[in-house]
Protein chains: 2
Amino acid sequence: MTHGHPDIIIQGGTLVTMVDGQDPIENATISIKKDTIIDIRTSGGKSPSVEAGEVIDAKNTIIMPGLINSHSHAAMTLLRGYADDLPLNQWLFEKIFPAEAKYLNEETVYWGALLGCLEMIASGTTCLADGYFFQGATVRAVHRAGLRGLIAQGIIDFPAPGVGDPKRNLEIGREFIQRWIGFSDLITPGLFCHSPVTCGAKTLSGALEISRNYSLPLQIHLSETVDEVEEIQTRTGRRPVQYLADLGLLNHQLITAHSVHLNMAELDLLLDKDVKVVHVPESNMKLSSGVASISDMIKIGLKIGIGTDGCASNNNLDLFEEMDTASKLAKVFTLDPTSANAETVLKMATSWGARIMGLESLVGTIEKGKKADIIIIDLERPHMVPLYHPISQIVYSANGADVRDVIVNGKILMKNREFQTLDAQEIMDRVKLICRRMKV
Amino acid sequence: MTHGHPDIIIQGGTLVTMVDGQDPIENATISIKKDTIIDIRTSGGKSPSVEAGEVIDAKNTIIMPGLINSHSHAAMTLLRGYADDLPLNQWLFEKIFPAEAKYLNEETVYWGALLGCLEMIASGTTCLADGYFFQGATVRAVHRAGLRGLIAQGIIDFPAPGVGDPKRNLEIGREFIQRWIGFSDLITPGLFCHSPVTCGAKTLSGALEISRNYSLPLQIHLSETVDEVEEIQTRTGRRPVQYLADLGLLNHQLITAHSVHLNMAELDLLLDKDVKVVHVPESNMKLSSGVASISDMIKIGLKIGIGTDGCASNNNLDLFEEMDTASKLAKVFTLDPTSANAETVLKMATSWGARIMGLESLVGTIEKGKKADIIIIDLERPHMVPLYHPISQIVYSANGADVRDVIVNGKILMKNREFQTLDAQEIMDRVKLICRRMKV
């Protein structure tokens, strides 16, 4: 040990590092100093030879990188189960948009986002890419929770919550970035263009320019529905990917969520431009948007991420369920049970997810020198026995409630399922009060 | 109260009875005497006026019927994660069948089934339709756990575990029924023909005759894969449904699991004959078998059940995840977000499931006079807040770990997530020991 006593030692579990080609390490000992992983070894059952501020007994657990949710709208917890099983336009225009217009403000978004953070911690997510309105409130919530995140202000060419006149869209977006850039090592601000349909060419170009100036990622919903593709074709004579290409948007800092209706030429172009593609399977299923061809994406070498979307269309933020569904949906969609195997979908939620966010040098794997974003999964549960292959167990058997401990940037956020940074009861009570008014 | 003091009173939750047309009852009080629900009322917040052996505080919970798993192979917990992501024939013929042949016996099936029961209790399942080998061991496990079940001896025209010469198939099946019929009010023995491909016409007819003689349900895998349909067509010139019809198998006591590759004429015939059809979505996805058209089934009036299959192809027994997936898969398969709404898939796992098992007069809804098979869902969890629609919350947000209490036939099997009838640690340790030998 070369850096003095570690602050935290995790000892005794099966370590899944998610470093390419590395097998699980039995009986691992991981040492953390401040925010950083400073040592990893197999202890061979021996006790660690150094003292530490805190020793976490990880016997009968899997130790793995925290999960990365590459597409969320955290504050939409407020609309969890608000309207389900409706035709898409009725759901959106009669339920979700009116509720957002009426009830979203700095306070409601703050508590909604905090509930989202609470749920993410409880289910092992340590990092999120989020887009919504009143995102200053979301930054404050994510900061209070201690999570890592890319938090983006929503841009849409309608009168939006907290924006009003859409002409002020980009200005408010720029102000958001100026306000929050450098605020915290863990939080990156940015912009989120709602879609190529709801943002005009001028808005898209403006958002690109601001993102470029600050060298920040730009998020967008892309080719989510057939209607979107057809609308863009009617308007521009091109499919959405080519339309964005011609506007200069396709680059390594563009993050495209949903990405359902894409042909092989479009996938090749996205790969060529190093665009970051995010799969959102449960929302795509629940809203009947379609099935993204992740098997093709993986085959050509796209390192895609995975996200939950917001709770109005999922209705939870559990990435374990999302991984399980991603794999099974790809298998039945291709009629090939080798599609999207367990290791691949776990990469989507860890190492590839980190790449989506531009954070691959910091997180996404457990390696010496990386930030300590680590979760510990309890194996002493009926549905986690027996254990033949740790990665299969994580993807196909586990759910979020199996996460026992959560560490982000060296700080323990959940320990034996007790939240260490957030008052769960207060947050749930606040959201209940807010949502009582919203009752449908 | 007309029957004297109740043994158990459940008080204060939101009651979802699953009786057709009945809205959730707020602040419900449910009285149980012995094995039976004797009274249901809304307390209006008042304390119950009678004493009871046990009062369960259900504030901030949903009270609902126990879930019914209409297709399982409980002891296959032994093979959870044993082999994943493989081509179907390699998975089955190089991994699963050899492992079953080598390692299944009375003892291993007993502990595997007991682990399955433990997992079902932990995730709110109170009743199962099970088919496997060494099913005397499964009967003993289900009985020890206190669950309700239809436990069927597997029939297959190969040398099967515990059977040996396939000529003894039917004889061993008949002996199984004779041994266990009348053994317990909660357990119904029966036969499970593996499939129309793996059981010849003579075997199918023989199993039908035995089932008829005892007036017992007969389970079968039907039209699970395209290969099965083609093989039967080649052999018999007919598709599997017509083939079974001609053998006389289509009747109200036939339970067909998977039921993937069925055309409208076949669905109409199954409806006409009152055949009990079971949807097994996650296994059908993971094995790339295909997508069953449950939207069509529901439209024509088939009251289908839902099952998890065994843990080699799922890999857990969580019916909450299964309901969520069933709904979302139907929505994306039909490209209609109103398909398989939350209430419908919850019926599949409760009232319709009871009908599948022939137990609709006893369980599947919470009504005065029915058996007390009841589960209580904790709402004080981040992902269960806010609560707009209880049934949406159950289907789209909850998972098995949200089940707090489980009652079967008036007996408490789990209380505050503590098992009351089973020693979880012993069962998990036994299965670990067994499976260490099976390590691949």
# chains A, B, ... in the order shown; residues from 1 in each chain; ligands from 1
>>> select_by_dssp(residues="stretch 211-275 of chain B", states="strand (DSSP E)", output="count of residues only")
10
>>> interface_residues(of="chain A", to="chain B", cutoff="6 Å", atoms="only C-alpha atoms", output="JSON, numbers by chain")
{"A": [81, 82, 85, 86, 87, 119, 285, 286, 287, 288, 290, 315, 316, 328, 331, 332, 335, 336, 337, 338, 341, 382, 383, 386, 388, 392, 396, 397, 432]}
>>> residues_around(residues="B:Glu175", least_positions_apart="5", cutoff="10 Å", atoms="only C-alpha atoms", output="PyMOL selection string")
chain B and resi 153+170+180
>>> residues_around(residues="A:Val16", least_positions_apart="6", cutoff="10 Å", atoms="only C-alpha atoms", output="list of chain:residue names")
A:Gln22, A:Asp23, A:Pro24, A:Ile25, A:Glu26, A:Ala28, A:Ile62, A:Ile63, A:Met64, A:Pro65, A:Thr365, A:Ile366, A:Pro390, A:Ile391
>>> select_by_dssp(residues="stretch 65-132 of chain B", states="helix (DSSP H, G or I)", output="short mmCIF file (atom, residue, chain, number, x, y, z; two decimals) with C-alpha atoms, in the first residue's frame")
data_model
loop_
_atom_site.label_atom_id
_atom_site.label_comp_id
_atom_site.auth_asym_id
_atom_site.auth_seq_id
_atom_site.Cartn_x
_atom_site.Cartn_y
_atom_site.Cartn_z
CA ALA B 74 -39.78 -25.32 -8.99
CA ALA B 75 -36.81 -27.63 -8.52
CA MET B 76 -35.06 -26.10 -11.52
CA THR B 77 -33.74 -23.48 -9.09
CA LEU B 78 -30.85 -25.99 -9.04
CA LEU B 79 -30.08 -24.94 -12.62
CA LEU B 88 -31.35 -23.69 -27.90
CA ASN B 89 -30.21 -27.21 -28.79
CA GLN B 90 -26.80 -26.75 -27.19
CA TRP B 91 -28.46 -25.37 -24.05
CA LEU B 92 -30.94 -28.25 -23.85
CA PHE B 93 -28.97 -31.27 -25.06
CA GLU B 94 -25.45 -30.39 -23.87
CA LYS B 95 -26.33 -28.64 -20.61
CA ILE B 96 -29.82 -29.01 -19.13
CA PHE B 97 -30.77 -32.60 -20.03
CA PRO B 98 -27.35 -34.06 -19.05
CA ALA B 99 -27.35 -32.15 -15.75
CA GLU B 100 -30.88 -33.37 -14.99
CA ALA B 101 -29.96 -36.95 -15.87
CA LYS B 102 -26.87 -36.88 -13.69
CA TYR B 103 -27.93 -34.88 -10.65
CA GLU B 106 -35.40 -37.42 -4.54
CA GLU B 107 -33.08 -35.40 -2.35
CA THR B 108 -31.87 -32.81 -4.85
CA VAL B 109 -35.39 -32.20 -6.22
CA TYR B 110 -36.68 -31.82 -2.65
CA TRP B 111 -34.19 -29.08 -1.76
CA GLY B 112 -34.44 -27.43 -5.17
CA ALA B 113 -38.24 -27.33 -4.92
CA LEU B 114 -38.01 -26.01 -1.38
CA LEU B 115 -35.76 -23.18 -2.60
CA GLY B 116 -38.34 -22.51 -5.30
CA CYS B 117 -41.08 -22.35 -2.65
CA LEU B 118 -38.95 -20.01 -0.56
CA GLU B 119 -38.44 -17.72 -3.55
CA MET B 120 -42.15 -17.82 -4.42
CA ILE B 121 -43.16 -16.91 -0.86
CA ALA B 122 -40.56 -14.12 -0.85
#
